[in-house]
Amino acid sequence: MSALSVRGLRIRIGGVDVVDGIDLDVAAGECLAIVGESGAGKSLTARALLGLTPPHADVAAESLVVGGVDSARFTDAQWRGVRGTGVGLVSQDALVSLDPLRRIGREVVEPLEIRRRGGGSLDDAVVALLERVAMPEPALRARQYPHELSGGLRQRALIASALAGDPRLLVADEPTTALDATVQRRILSLLGELTASGIGLLLITHDLSVVRSLADRVAVMRDGRIVETGATSRVLDEPQHSYTRELLAAVPRARAPREVMPAPVVLEATSVTKSYRSPDGTRMAVSAATISVQQGKTLGIVGESGSGKSTLARLLLALEKPDSGHVILEGAQWSESRESERRSRRGAIQLIEQDALGSFDPRHTVARALAESLALAGVARASRRARSIELLALVGLSAEVVDRRPRELSGGQRQRVAIARALARGPRILVCDEPVSALDVSVQAQVLALLDGLQRDLGLTMVFISHDLGVIAQVSDEIAVMKDGVIVEQGTATDVLTAPQHPFTKELLGASADNLF
């Protein structure tokens, strides 16, 4: 039985075919993964299967059978009758997808109310759905709001809501991108259980390790066309198309061990602790963490969401003051100094954030964003535009980017601009907080190669934070593993990755679907 059958799907926007005549099939109980770079047309294809393409998009297909229903010429009203029963959607960002003003139970019960048949308690049905997605304490979680749940639990709630209408096809658009390795493994296991129960799954992802662990077949998409398709093992192990080979070559791997040469310590934290008050009491975000970073080297910090990685980064940047312990920057007191004393030294250590789009003012051009940092660096107003163009060239961007706004750039271009802004003040240390987690595998590889080249050329020291062990393996000379605010293991990258000592490190390595070497 078919959950999805598409022939000749075309989506035209502004006179351009952004999806150009593709064919797709998903059988009941099967997972088909669509992979490709950002802009390939993956998510637009997924939305066409739910009748959710933008109003200005022209969608046509020779045949479009979704969840057993011929939907090729559906009106909006007819699509509303299919969504939830014929097909359900699990999107990437559960925190955005879930209504922050509604409890989880209300999110899950809404499709049940719309399509209710027969008797039975809706509360019991909600709990049963949450149990189906392995939600711990489902009755309690049903009463909570999205912000009270972890990323993994929010994603489970979103999947429960998508299952409420008992769909034959589930479309999962980057469902694990923002999740750490152990939580990702649990969500993938859940999705595998759903396909085993007979649900067809169309998985949209740029993560080839996810594809290998879950998909039965894979379709590789580029510029709106499917360039290669077949059984997962065949496509990933014996790729036929050059673009598929490019994607596979971009998967992060551990860097070859570099010669260990002692170097001065330029950033160190000694027994730093940071706690926050919450309605549930005091929460320890970082507990007695001690690290040191040598000049020109990269310290990778890895751990689950909520393990304290970003809080530790803020302590290193002196954006937060530790409750106890201290941070030393280039041999001088840093965390204990007054901000007026730190201000002249802030150019030495700069931050690259995860969400490049959110870190820019959407009203300002790239030129203005860079000019603000250049002004702090003491660059004269008359020289700022020329210096901005030099910085853009340094990160591999052309001069024409300087007059664009953030939303006019791709994700990879925005992250390059964020790096250029961080370099504007001539830092010697970069703190990179999940800088590539939202990027597809090929763009991720380009940004990592850029950072590696800048480190060599400029002699930069880096602290690199990620939940992706593959990325950490690729960039790091030393690795610190965090769990529940505690650094449970640290050492050279080779030692941590090949001979882990702590059970949690072993769990992280076990959860990584890729061979890191």
# chains A, B, ... in the order shown; residues from 1 in each chain; ligands from 1
$ residues_around --residues "A:Val475" --least-positions-apart "6" --cutoff "8 Å" --atoms "only C-alpha atoms" --output "PyMOL selection string"
chain A and resi 254-255+298+300+448+452+464
$ closest_atom_pairs --of "stretch 470-491 of chain A" --to "stretch 302-305 of chain A" --cutoff "7 Å" --atoms "only C-alpha atoms" --output "CSV"
residue,atom,partner,partner_atom,distance
A:Ala480,CA,A:Val302,CA,6.4
A:Val481,CA,A:Val302,CA,5.1
A:Met482,CA,A:Gly303,CA,4.9
A:Lys483,CA,A:Gly303,CA,6.0
$ residues_around --residues "A:Glu268" --least-positions-apart "3" --cutoff "8 Å" --atoms "only C-alpha atoms" --output "JSON, numbers by chain"
{"A": [265, 290, 291, 292, 293, 327, 328, 329]}
$ write_last_selection --atoms "N, CA and C atoms" --output "compact mmCIF listing (two decimals), in the first residue's frame"
# COMPACT_ATOMS: atom_id res chain seq x y z
N VAL A 265 49.33 29.41 27.59
CA VAL A 265 47.89 29.39 27.86
C VAL A 265 47.38 30.82 27.78
N THR A 290 36.98 23.70 35.19
CA THR A 290 38.35 24.17 35.01
C THR A 290 38.82 23.77 33.61
N ILE A 291 39.22 24.77 32.82
CA ILE A 291 39.75 24.51 31.48
C ILE A 291 40.90 25.46 31.21
N SER A 292 41.73 25.11 30.24
CA SER A 292 42.76 26.03 29.76
C SER A 292 42.90 25.84 28.26
N VAL A 293 43.17 26.94 27.55
CA VAL A 293 43.26 26.91 26.09
C VAL A 293 44.61 27.49 25.70
N VAL A 327 38.24 33.63 35.80
CA VAL A 327 38.71 33.46 34.43
C VAL A 327 39.88 34.40 34.21
N ILE A 328 40.94 33.88 33.60
CA ILE A 328 42.14 34.67 33.28
C ILE A 328 42.25 34.75 31.76
N LEU A 329 42.38 35.96 31.23
CA LEU A 329 42.54 36.18 29.80
C LEU A 329 43.92 36.75 29.53
$ residues_around --residues "stretch 179-184 of chain A" --least-positions-apart "3" --cutoff "10 Å" --atoms "only C-alpha atoms" --output "PyMOL selection string"
chain A and resi 92-93+150-153+155+175-176+187-190+210+302-306+437+466-470+504+507-513
$ write_last_selection --atoms "N, CA and C atoms" --output "mmCIF file, in the first residue's frame"
data_model
loop_
_atom_site.group_PDB
_atom_site.id
_atom_site.type_symbol
_atom_site.label_atom_id
_atom_site.label_comp_id
_atom_site.auth_asym_id
_atom_site.auth_seq_id
_atom_site.Cartn_x
_atom_site.Cartn_y
_atom_site.Cartn_z
ATOM 1 N N GLN A 92 11.070 21.360 11.994
ATOM 2 C CA GLN A 92 12.396 21.385 12.617
ATOM 3 C C GLN A 92 12.383 21.988 14.009
ATOM 4 N N ASP A 93 11.772 23.156 14.159
ATOM 5 C CA ASP A 93 11.873 23.903 15.409
ATOM 6 C C ASP A 93 10.590 23.746 16.208
ATOM 7 N N SER A 150 12.399 20.116 27.572
ATOM 8 C CA SER A 150 13.660 20.116 26.842
ATOM 9 C C SER A 150 13.386 20.031 25.347
ATOM 10 N N GLY A 151 14.423 20.242 24.542
ATOM 11 C CA GLY A 151 14.264 20.171 23.104
ATOM 12 C C GLY A 151 13.752 18.819 22.640
ATOM 13 N N GLY A 152 14.279 17.748 23.223
ATOM 14 C CA GLY A 152 13.839 16.413 22.837
ATOM 15 C C GLY A 152 12.393 16.145 23.207
ATOM 16 N N LEU A 153 11.954 16.598 24.391
ATOM 17 C CA LEU A 153 10.565 16.392 24.802
ATOM 18 C C LEU A 153 9.610 17.233 23.957
ATOM 19 N N GLN A 155 10.072 17.967 20.867
ATOM 20 C CA GLN A 155 9.958 17.292 19.578
ATOM 21 C C GLN A 155 9.029 16.087 19.672
ATOM 22 N N PRO A 175 13.831 16.989 11.518
ATOM 23 C CA PRO A 175 13.284 16.838 12.868
ATOM 24 C C PRO A 175 14.329 16.732 13.968
ATOM 25 N N THR A 176 15.605 16.507 13.632
ATOM 26 C CA THR A 176 16.619 16.317 14.673
ATOM 27 C C THR A 176 17.782 17.292 14.561
ATOM 28 N N ILE A 187 14.958 10.182 19.271
ATOM 29 C CA ILE A 187 13.924 10.598 18.325
ATOM 30 C C ILE A 187 13.967 9.713 17.080
ATOM 31 N N LEU A 188 15.158 9.398 16.610
ATOM 32 C CA LEU A 188 15.275 8.524 15.442
ATOM 33 C C LEU A 188 14.717 7.141 15.745
ATOM 34 N N SER A 189 14.966 6.655 16.949
ATOM 35 C CA SER A 189 14.419 5.364 17.351
ATOM 36 C C SER A 189 12.894 5.405 17.343
ATOM 37 N N LEU A 190 12.331 6.513 17.832
ATOM 38 C CA LEU A 190 10.881 6.683 17.834
ATOM 39 C C LEU A 190 10.331 6.691 16.409
ATOM 40 N N VAL A 210 21.945 10.629 9.866
ATOM 41 C CA VAL A 210 20.542 10.346 10.150
ATOM 42 C C VAL A 210 19.952 9.486 9.049
ATOM 43 N N VAL A 302 31.832 19.716 24.182
ATOM 44 C CA VAL A 302 30.708 18.955 23.657
ATOM 45 C C VAL A 302 29.855 18.452 24.814
ATOM 46 N N GLY A 303 28.565 18.328 24.563
ATOM 47 C CA GLY A 303 27.649 17.826 25.582
ATOM 48 C C GLY A 303 26.225 17.992 25.110
ATOM 49 N N GLU A 304 25.292 17.473 25.883
ATOM 50 C CA GLU A 304 23.878 17.565 25.534
ATOM 51 C C GLU A 304 23.371 18.986 25.701
ATOM 52 N N SER A 305 22.206 19.258 25.125
ATOM 53 C CA SER A 305 21.526 20.524 25.367
ATOM 54 C C SER A 305 21.265 20.659 26.867
ATOM 55 N N GLY A 306 21.539 21.840 27.406
ATOM 56 C CA GLY A 306 21.337 22.060 28.830
ATOM 57 C C GLY A 306 22.478 21.604 29.706
ATOM 58 N N SER A 437 25.583 24.516 13.381
ATOM 59 C CA SER A 437 24.558 23.506 13.664
ATOM 60 C C SER A 437 23.347 23.643 12.757
ATOM 61 N N SER A 466 29.803 22.627 20.502
ATOM 62 C CA SER A 466 28.873 21.940 19.614
ATOM 63 C C SER A 466 28.293 20.725 20.324
ATOM 64 N N HIS A 467 27.075 20.335 19.883
ATOM 65 C CA HIS A 467 26.527 19.057 20.342
ATOM 66 C C HIS A 467 26.851 17.950 19.354
ATOM 67 N N ASP A 468 27.476 18.324 18.224
ATOM 68 C CA ASP A 468 27.785 17.374 17.150
ATOM 69 C C ASP A 468 29.209 16.855 17.330
ATOM 70 N N LEU A 469 29.324 15.597 17.721
ATOM 71 C CA LEU A 469 30.645 15.037 18.003
ATOM 72 C C LEU A 469 31.505 14.960 16.737
ATOM 73 N N GLY A 470 30.864 14.790 15.572
ATOM 74 C CA GLY A 470 31.615 14.768 14.326
ATOM 75 C C GLY A 470 32.306 16.088 14.064
ATOM 76 N N PHE A 504 29.557 8.708 30.148
ATOM 77 C CA PHE A 504 28.797 9.615 29.290
ATOM 78 C C PHE A 504 29.523 9.861 27.972
ATOM 79 N N GLU A 507 28.812 7.032 25.892
ATOM 80 C CA GLU A 507 27.443 7.108 25.381
ATOM 81 C C GLU A 507 27.361 8.052 24.185
ATOM 82 N N LEU A 508 28.036 9.207 24.269
ATOM 83 C CA LEU A 508 28.050 10.149 23.148
ATOM 84 C C LEU A 508 28.655 9.510 21.901
ATOM 85 N N LEU A 509 29.757 8.823 22.089
ATOM 86 C CA LEU A 509 30.403 8.173 20.953
ATOM 87 C C LEU A 509 29.514 7.070 20.382
ATOM 88 N N GLY A 510 28.825 6.365 21.251
ATOM 89 C CA GLY A 510 27.916 5.325 20.781
ATOM 90 C C GLY A 510 26.727 5.882 20.034
ATOM 91 N N ALA A 511 26.302 7.116 20.409
ATOM 92 C CA ALA A 511 25.147 7.744 19.761
ATOM 93 C C ALA A 511 25.498 8.365 18.431
ATOM 94 N N SER A 512 26.793 8.539 18.159
ATOM 95 C CA SER A 512 27.206 9.125 16.889
ATOM 96 C C SER A 512 27.114 8.060 15.808
ATOM 97 N N ALA A 513 26.250 8.341 14.812
ATOM 98 C CA ALA A 513 26.013 7.339 13.772
ATOM 99 C C ALA A 513 27.154 7.260 12.775
#
$ atom_distance --atom1 "atom CA of A:Ala33" --atom2 "atom CA of A:Val218"
4.6 Å
$ closest_residue --among "A:Gly36, A:Gly165, A:Gly325, A:Pro146" --to "A:Ala125" --atoms "only C-alpha atoms"
A:Gly165
$ residues_around --residues "A:Gln144" --least-positions-apart "4" --cutoff "7 Å" --atoms "only C-alpha atoms" --output "list of chain:residue names"
A:Arg103, A:Ile104, A:Leu140, A:Glu148
$ write_last_selection --atoms "N, CA and C atoms" --output "PDB file, in the first residue's frame"
ATOM      1  N   ARG A 103      -0.863  24.763  26.707  1.00  0.00           N
ATOM      2  CA  ARG A 103      -0.230  23.585  27.294  1.00  0.00           C
ATOM      3  C   ARG A 103      -0.100  22.494  26.231  1.00  0.00           C
ATOM      4  N   ILE A 104       0.821  21.583  26.480  1.00  0.00           N
ATOM      5  CA  ILE A 104       1.086  20.513  25.532  1.00  0.00           C
ATOM      6  C   ILE A 104      -0.183  19.702  25.245  1.00  0.00           C
ATOM      7  N   LEU A 140       1.704  14.497  33.395  1.00  0.00           N
ATOM      8  CA  LEU A 140       2.333  15.726  33.858  1.00  0.00           C
ATOM      9  C   LEU A 140       2.729  16.610  32.670  1.00  0.00           C
ATOM     10  N   GLU A 148       8.719  24.731  29.150  1.00  0.00           N
ATOM     11  CA  GLU A 148       9.082  23.942  30.328  1.00  0.00           C
ATOM     12  C   GLU A 148       9.667  22.579  29.962  1.00  0.00           C
TER      13      GLU A 148
END
$ residues_around --residues "A:Ser383" --least-positions-apart "6" --cutoff "12 Å" --atoms "only C-alpha atoms" --output "PDB file with C-alpha atoms, in the first residue's frame"
ATOM      1  CA  ALA A 367      28.110  47.432   5.781  1.00  0.00           C
ATOM      2  CA  LEU A 370      30.495  45.629  10.201  1.00  0.00           C
ATOM      3  CA  ALA A 371      30.905  49.383  10.649  1.00  0.00           C
ATOM      4  CA  LEU A 374      35.023  48.636  13.142  1.00  0.00           C
ATOM      5  CA  ALA A 375      34.099  51.795  15.046  1.00  0.00           C
ATOM      6  CA  ALA A 377      38.158  48.944  16.840  1.00  0.00           C
ATOM      7  CA  ILE A 389      35.086  44.789   1.894  1.00  0.00           C
ATOM      8  CA  GLU A 390      38.516  43.507   2.976  1.00  0.00           C
TER       9      GLU A 390
END
$ residues_around --residues "A:Ile199" --least-positions-apart "2" --cutoff "9 Å" --atoms "only C-alpha atoms" --output "CSV table (one decimal) with C-alpha atoms, in the first residue's frame"
chain,number,residue,atom,x,y,z
A,3,ALA,CA,1.5,6.3,1.5
A,27,ALA,CA,5.3,2.8,0.7
A,28,ALA,CA,3.5,2.1,4.0
A,29,GLY,CA,6.1,1.4,6.6
A,30,GLU,CA,8.9,2.8,4.5
A,31,CYS,CA,11.2,5.8,5.1
A,166,ASP,CA,-3.7,8.8,12.5
A,167,PRO,CA,-2.0,9.8,9.2
A,168,ARG,CA,-0.8,7.3,6.7
A,169,LEU,CA,2.2,9.6,5.8
A,170,LEU,CA,4.4,11.6,8.1
A,194,LEU,CA,6.4,4.6,13.8
A,195,THR,CA,7.5,3.3,10.3
A,196,ALA,CA,7.5,-0.3,11.7
A,197,SER,CA,3.9,0.3,12.7
A,201,LEU,CA,7.8,8.5,6.5
$ select_by_dssp --residues "stretch 262-400 of chain A" --states "strand (DSSP E or B)" --output "PyMOL selection string"
chain A and resi 265-278+281-294+298-303+324-329+332-333+349-352
$ write_last_selection --atoms "C-alpha atoms" --output "compact mmCIF listing (two decimals), in the first residue's frame"
# COMPACT_ATOMS: atom_id res chain seq x y z
CA VAL A 265 47.89 29.39 27.86
CA VAL A 266 45.88 32.42 26.73
CA LEU A 267 42.50 31.62 28.30
CA GLU A 268 41.80 29.68 31.47
CA ALA A 269 38.95 29.15 33.86
CA THR A 270 39.54 27.80 37.34
CA SER A 271 36.69 26.16 39.28
CA VAL A 272 34.05 28.48 37.80
CA THR A 273 30.51 27.94 39.03
CA LYS A 274 27.30 29.59 37.89
CA SER A 275 23.77 29.02 39.13
CA TYR A 276 20.40 30.57 38.27
CA ARG A 277 17.20 30.91 40.22
CA SER A 278 14.05 29.41 38.70
CA GLY A 281 14.57 26.48 42.86
CA THR A 282 18.25 27.13 42.15
CA ARG A 283 19.67 25.43 39.06
CA MET A 284 23.40 24.82 38.79
CA ALA A 285 24.35 25.63 35.18
CA VAL A 286 28.14 25.24 35.55
CA SER A 287 29.78 23.50 38.49
CA ALA A 288 33.49 23.92 39.34
CA ALA A 289 34.62 23.87 35.69
CA THR A 290 38.35 24.17 35.01
CA ILE A 291 39.75 24.51 31.48
CA SER A 292 42.76 26.03 29.76
CA VAL A 293 43.26 26.91 26.09
CA GLN A 294 46.68 27.17 24.49
CA THR A 298 41.20 24.71 19.52
CA LEU A 299 39.39 23.44 22.60
CA GLY A 300 36.16 21.67 21.68
CA ILE A 301 33.37 21.60 24.27
CA VAL A 302 30.71 18.96 23.66
CA GLY A 303 27.65 17.83 25.58
CA SER A 324 32.86 31.42 42.40
CA GLY A 325 36.11 30.72 40.63
CA HIS A 326 37.75 33.04 38.08
CA VAL A 327 38.71 33.46 34.43
CA ILE A 328 42.14 34.67 33.28
CA LEU A 329 42.54 36.18 29.80
CA ALA A 332 45.50 38.98 33.43
CA GLN A 333 42.39 38.86 35.58
CA ILE A 349 38.09 37.74 22.52
CA GLN A 350 35.04 37.67 20.26
CA LEU A 351 31.93 35.53 19.90
CA ILE A 352 30.46 33.76 16.85
$ select_by_dssp --residues "stretch 257-454 of chain A" --states "alpha helix (DSSP H)" --output "tab-separated table (two decimals) with N, CA and C atoms, in the first residue's frame"
chain	number	residue	atom	x	y	z
A	309	LYS	N	27.18	24.24	28.34
A	309	LYS	CA	28.21	24.66	27.37
A	309	LYS	C	28.14	26.16	27.09
A	310	SER	N	26.94	26.64	26.76
A	310	SER	CA	26.80	28.06	26.41
A	310	SER	C	27.01	28.96	27.62
A	311	THR	N	26.61	28.49	28.81
A	311	THR	CA	26.86	29.28	30.02
A	311	THR	C	28.35	29.39	30.27
A	312	LEU	N	29.08	28.31	30.08
A	312	LEU	CA	30.53	28.37	30.23
A	312	LEU	C	31.13	29.34	29.23
A	313	ALA	N	30.61	29.36	28.01
A	313	ALA	CA	31.09	30.32	27.01
A	313	ALA	C	30.88	31.75	27.47
A	314	ARG	N	29.74	32.03	28.05
A	314	ARG	CA	29.44	33.38	28.52
A	314	ARG	C	30.35	33.76	29.70
A	315	LEU	N	30.71	32.78	30.50
A	315	LEU	CA	31.66	33.06	31.59
A	315	LEU	C	33.05	33.38	31.01
A	316	LEU	N	33.46	32.65	29.97
A	316	LEU	CA	34.75	32.91	29.34
A	316	LEU	C	34.79	34.29	28.71
A	339	GLU	N	33.75	46.14	34.46
A	339	GLU	CA	33.51	46.22	33.02
A	339	GLU	C	34.25	47.39	32.40
A	340	SER	N	34.39	48.48	33.12
A	340	SER	CA	35.13	49.63	32.60
A	340	SER	C	36.59	49.27	32.33
A	341	GLU	N	37.12	48.34	33.12
A	341	GLU	CA	38.50	47.89	32.90
A	341	GLU	C	38.59	46.87	31.77
A	342	ARG	N	37.51	46.08	31.60
A	342	ARG	CA	37.51	45.06	30.54
A	342	ARG	C	37.29	45.65	29.16
A	356	ALA	N	23.01	33.23	13.24
A	356	ALA	CA	23.56	34.43	12.60
A	356	ALA	C	22.45	35.42	12.26
A	357	LEU	N	21.31	34.90	11.78
A	357	LEU	CA	20.22	35.80	11.40
A	357	LEU	C	19.71	36.58	12.60
A	358	GLY	N	19.53	35.88	13.74
A	358	GLY	CA	19.04	36.55	14.93
A	358	GLY	C	20.03	37.51	15.55
A	359	SER	N	21.32	37.37	15.21
A	359	SER	CA	22.34	38.23	15.81
A	359	SER	C	22.51	39.55	15.07
A	366	VAL	N	24.86	44.81	5.66
A	366	VAL	CA	26.11	44.22	6.12
A	366	VAL	C	27.13	45.31	6.43
A	367	ALA	N	27.17	46.34	5.58
A	367	ALA	CA	28.11	47.43	5.78
A	367	ALA	C	27.92	48.07	7.15
A	368	ARG	N	26.67	48.29	7.53
A	368	ARG	CA	26.41	48.94	8.82
A	368	ARG	C	26.76	48.00	9.98
A	369	ALA	N	26.43	46.71	9.82
A	369	ALA	CA	26.75	45.76	10.88
A	369	ALA	C	28.25	45.69	11.13
A	370	LEU	N	29.04	45.68	10.05
A	370	LEU	CA	30.49	45.63	10.20
A	370	LEU	C	31.04	46.96	10.70
A	371	ALA	N	30.42	48.06	10.25
A	371	ALA	CA	30.91	49.38	10.65
A	371	ALA	C	30.83	49.58	12.16
A	372	GLU	N	29.80	49.02	12.79
A	372	GLU	CA	29.66	49.16	14.24
A	372	GLU	C	30.85	48.53	14.97
A	373	SER	N	31.28	47.35	14.50
A	373	SER	CA	32.43	46.70	15.12
A	373	SER	C	33.73	47.43	14.78
A	374	LEU	N	33.82	47.91	13.55
A	374	LEU	CA	35.02	48.64	13.14
A	374	LEU	C	35.17	49.94	13.92
A	375	ALA	N	34.04	50.57	14.24
A	375	ALA	CA	34.10	51.80	15.05
A	375	ALA	C	34.68	51.50	16.42
A	376	LEU	N	34.27	50.37	17.01
A	376	LEU	CA	34.80	49.98	18.31
A	376	LEU	C	36.29	49.67	18.23
A	381	ARG	N	35.83	56.58	10.21
A	381	ARG	CA	34.60	56.43	9.44
A	381	ARG	C	34.87	56.32	7.93
A	382	ALA	N	35.79	57.14	7.43
A	382	ALA	CA	36.06	57.16	6.00
A	382	ALA	C	36.66	55.85	5.49
A	383	SER	N	37.24	55.08	6.38
A	383	SER	CA	37.91	53.85	5.97
A	383	SER	C	37.07	52.60	6.20
A	384	ARG	N	35.91	52.75	6.82
A	384	ARG	CA	35.17	51.57	7.27
A	384	ARG	C	34.62	50.74	6.11
A	385	ARG	N	34.12	51.39	5.07
A	385	ARG	CA	33.57	50.61	3.96
A	385	ARG	C	34.66	49.79	3.29
A	386	ALA	N	35.80	50.40	3.03
A	386	ALA	CA	36.90	49.67	2.40
A	386	ALA	C	37.36	48.52	3.28
A	387	ARG	N	37.44	48.75	4.60
A	387	ARG	CA	37.85	47.69	5.51
A	387	ARG	C	36.79	46.59	5.56
A	388	SER	N	35.51	46.95	5.47
A	388	SER	CA	34.44	45.96	5.45
A	388	SER	C	34.59	45.03	4.24
A	389	ILE	N	34.90	45.59	3.10
A	389	ILE	CA	35.09	44.79	1.89
A	389	ILE	C	36.29	43.87	2.06
A	390	GLU	N	37.34	44.35	2.71
A	390	GLU	CA	38.52	43.51	2.98
A	390	GLU	C	38.14	42.34	3.89
A	391	LEU	N	37.34	42.60	4.91
A	391	LEU	CA	36.92	41.55	5.82
A	391	LEU	C	36.06	40.52	5.11
A	392	LEU	N	35.16	40.98	4.24
A	392	LEU	CA	34.32	40.06	3.48
A	392	LEU	C	35.17	39.18	2.57
A	393	ALA	N	36.17	39.76	1.96
A	393	ALA	CA	37.08	38.97	1.11
A	393	ALA	C	37.81	37.93	1.95
A	394	LEU	N	38.15	38.28	3.19
A	394	LEU	CA	38.86	37.37	4.07
A	394	LEU	C	38.04	36.12	4.36
A	411	GLY	N	22.11	31.03	4.43
A	411	GLY	CA	22.59	30.73	5.77
A	411	GLY	C	24.11	30.72	5.85
A	412	GLY	N	24.76	30.14	4.85
A	412	GLY	CA	26.22	30.11	4.84
A	412	GLY	C	26.83	31.49	4.70
A	413	GLN	N	26.21	32.33	3.86
A	413	GLN	CA	26.71	33.71	3.70
A	413	GLN	C	26.56	34.49	4.99
A	414	ARG	N	25.42	34.32	5.67
A	414	ARG	CA	25.21	35.04	6.94
A	414	ARG	C	26.25	34.62	7.97
A	415	GLN	N	26.57	33.33	8.03
A	415	GLN	CA	27.55	32.89	9.02
A	415	GLN	C	28.93	33.44	8.68
A	416	ARG	N	29.25	33.57	7.39
A	416	ARG	CA	30.53	34.18	7.00
A	416	ARG	C	30.57	35.65	7.40
A	417	VAL	N	29.46	36.35	7.25
A	417	VAL	CA	29.41	37.76	7.68
A	417	VAL	C	29.59	37.84	9.20
A	418	ALA	N	28.97	36.89	9.94
A	418	ALA	CA	29.15	36.88	11.39
A	418	ALA	C	30.61	36.68	11.76
A	419	ILE	N	31.31	35.83	11.02
A	419	ILE	CA	32.74	35.62	11.27
A	419	ILE	C	33.52	36.89	10.95
A	420	ALA	N	33.16	37.55	9.83
A	420	ALA	CA	33.83	38.80	9.46
A	420	ALA	C	33.64	39.86	10.55
A	421	ARG	N	32.43	39.93	11.10
A	421	ARG	CA	32.17	40.90	12.18
A	421	ARG	C	33.02	40.58	13.41
A	422	ALA	N	33.13	39.29	13.73
A	422	ALA	CA	33.96	38.91	14.88
A	422	ALA	C	35.42	39.27	14.66
A	423	LEU	N	35.88	39.21	13.40
A	423	LEU	CA	37.28	39.51	13.09
A	423	LEU	C	37.56	41.01	13.01
A	441	VAL	N	25.26	20.03	5.24
A	441	VAL	CA	26.57	19.41	5.41
A	441	VAL	C	27.64	20.04	4.52
A	442	SER	N	27.29	20.42	3.29
A	442	SER	CA	28.31	20.99	2.42
A	442	SER	C	28.69	22.41	2.83
A	443	VAL	N	27.68	23.22	3.21
A	443	VAL	CA	27.98	24.58	3.68
A	443	VAL	C	28.71	24.52	5.01
A	444	GLN	N	28.32	23.58	5.87
A	444	GLN	CA	29.02	23.36	7.13
A	444	GLN	C	30.50	23.09	6.89
A	445	ALA	N	30.79	22.24	5.92
A	445	ALA	CA	32.18	21.91	5.61
A	445	ALA	C	32.94	23.14	5.14
A	446	GLN	N	32.28	24.00	4.36
A	446	GLN	CA	32.93	25.22	3.88
A	446	GLN	C	33.26	26.17	5.03
A	447	VAL	N	32.31	26.32	5.98
A	447	VAL	CA	32.53	27.23	7.11
A	447	VAL	C	33.63	26.68	8.02
A	448	LEU	N	33.62	25.37	8.25
A	448	LEU	CA	34.67	24.77	9.08
A	448	LEU	C	36.05	24.92	8.43
A	449	ALA	N	36.09	24.74	7.10
A	449	ALA	CA	37.37	24.92	6.39
A	449	ALA	C	37.81	26.38	6.47
A	450	LEU	N	36.86	27.31	6.40
A	450	LEU	CA	37.19	28.73	6.53
A	450	LEU	C	37.80	29.02	7.89
A	451	LEU	N	37.17	28.54	8.96
A	451	LEU	CA	37.68	28.78	10.31
A	451	LEU	C	39.07	28.16	10.49
A	452	ASP	N	39.26	26.97	9.92
A	452	ASP	CA	40.57	26.31	10.02
A	452	ASP	C	41.64	27.14	9.31
A	453	GLY	N	41.30	27.66	8.13
A	453	GLY	CA	42.26	28.49	7.40
A	453	GLY	C	42.56	29.79	8.12
A	454	LEU	N	41.52	30.42	8.69
A	454	LEU	CA	41.74	31.66	9.43
A	454	LEU	C	42.61	31.41	10.66
$ atom_distance --atom1 "atom CA of A:Pro138" --atom2 "atom CA of A:Leu98"
16.8 Å
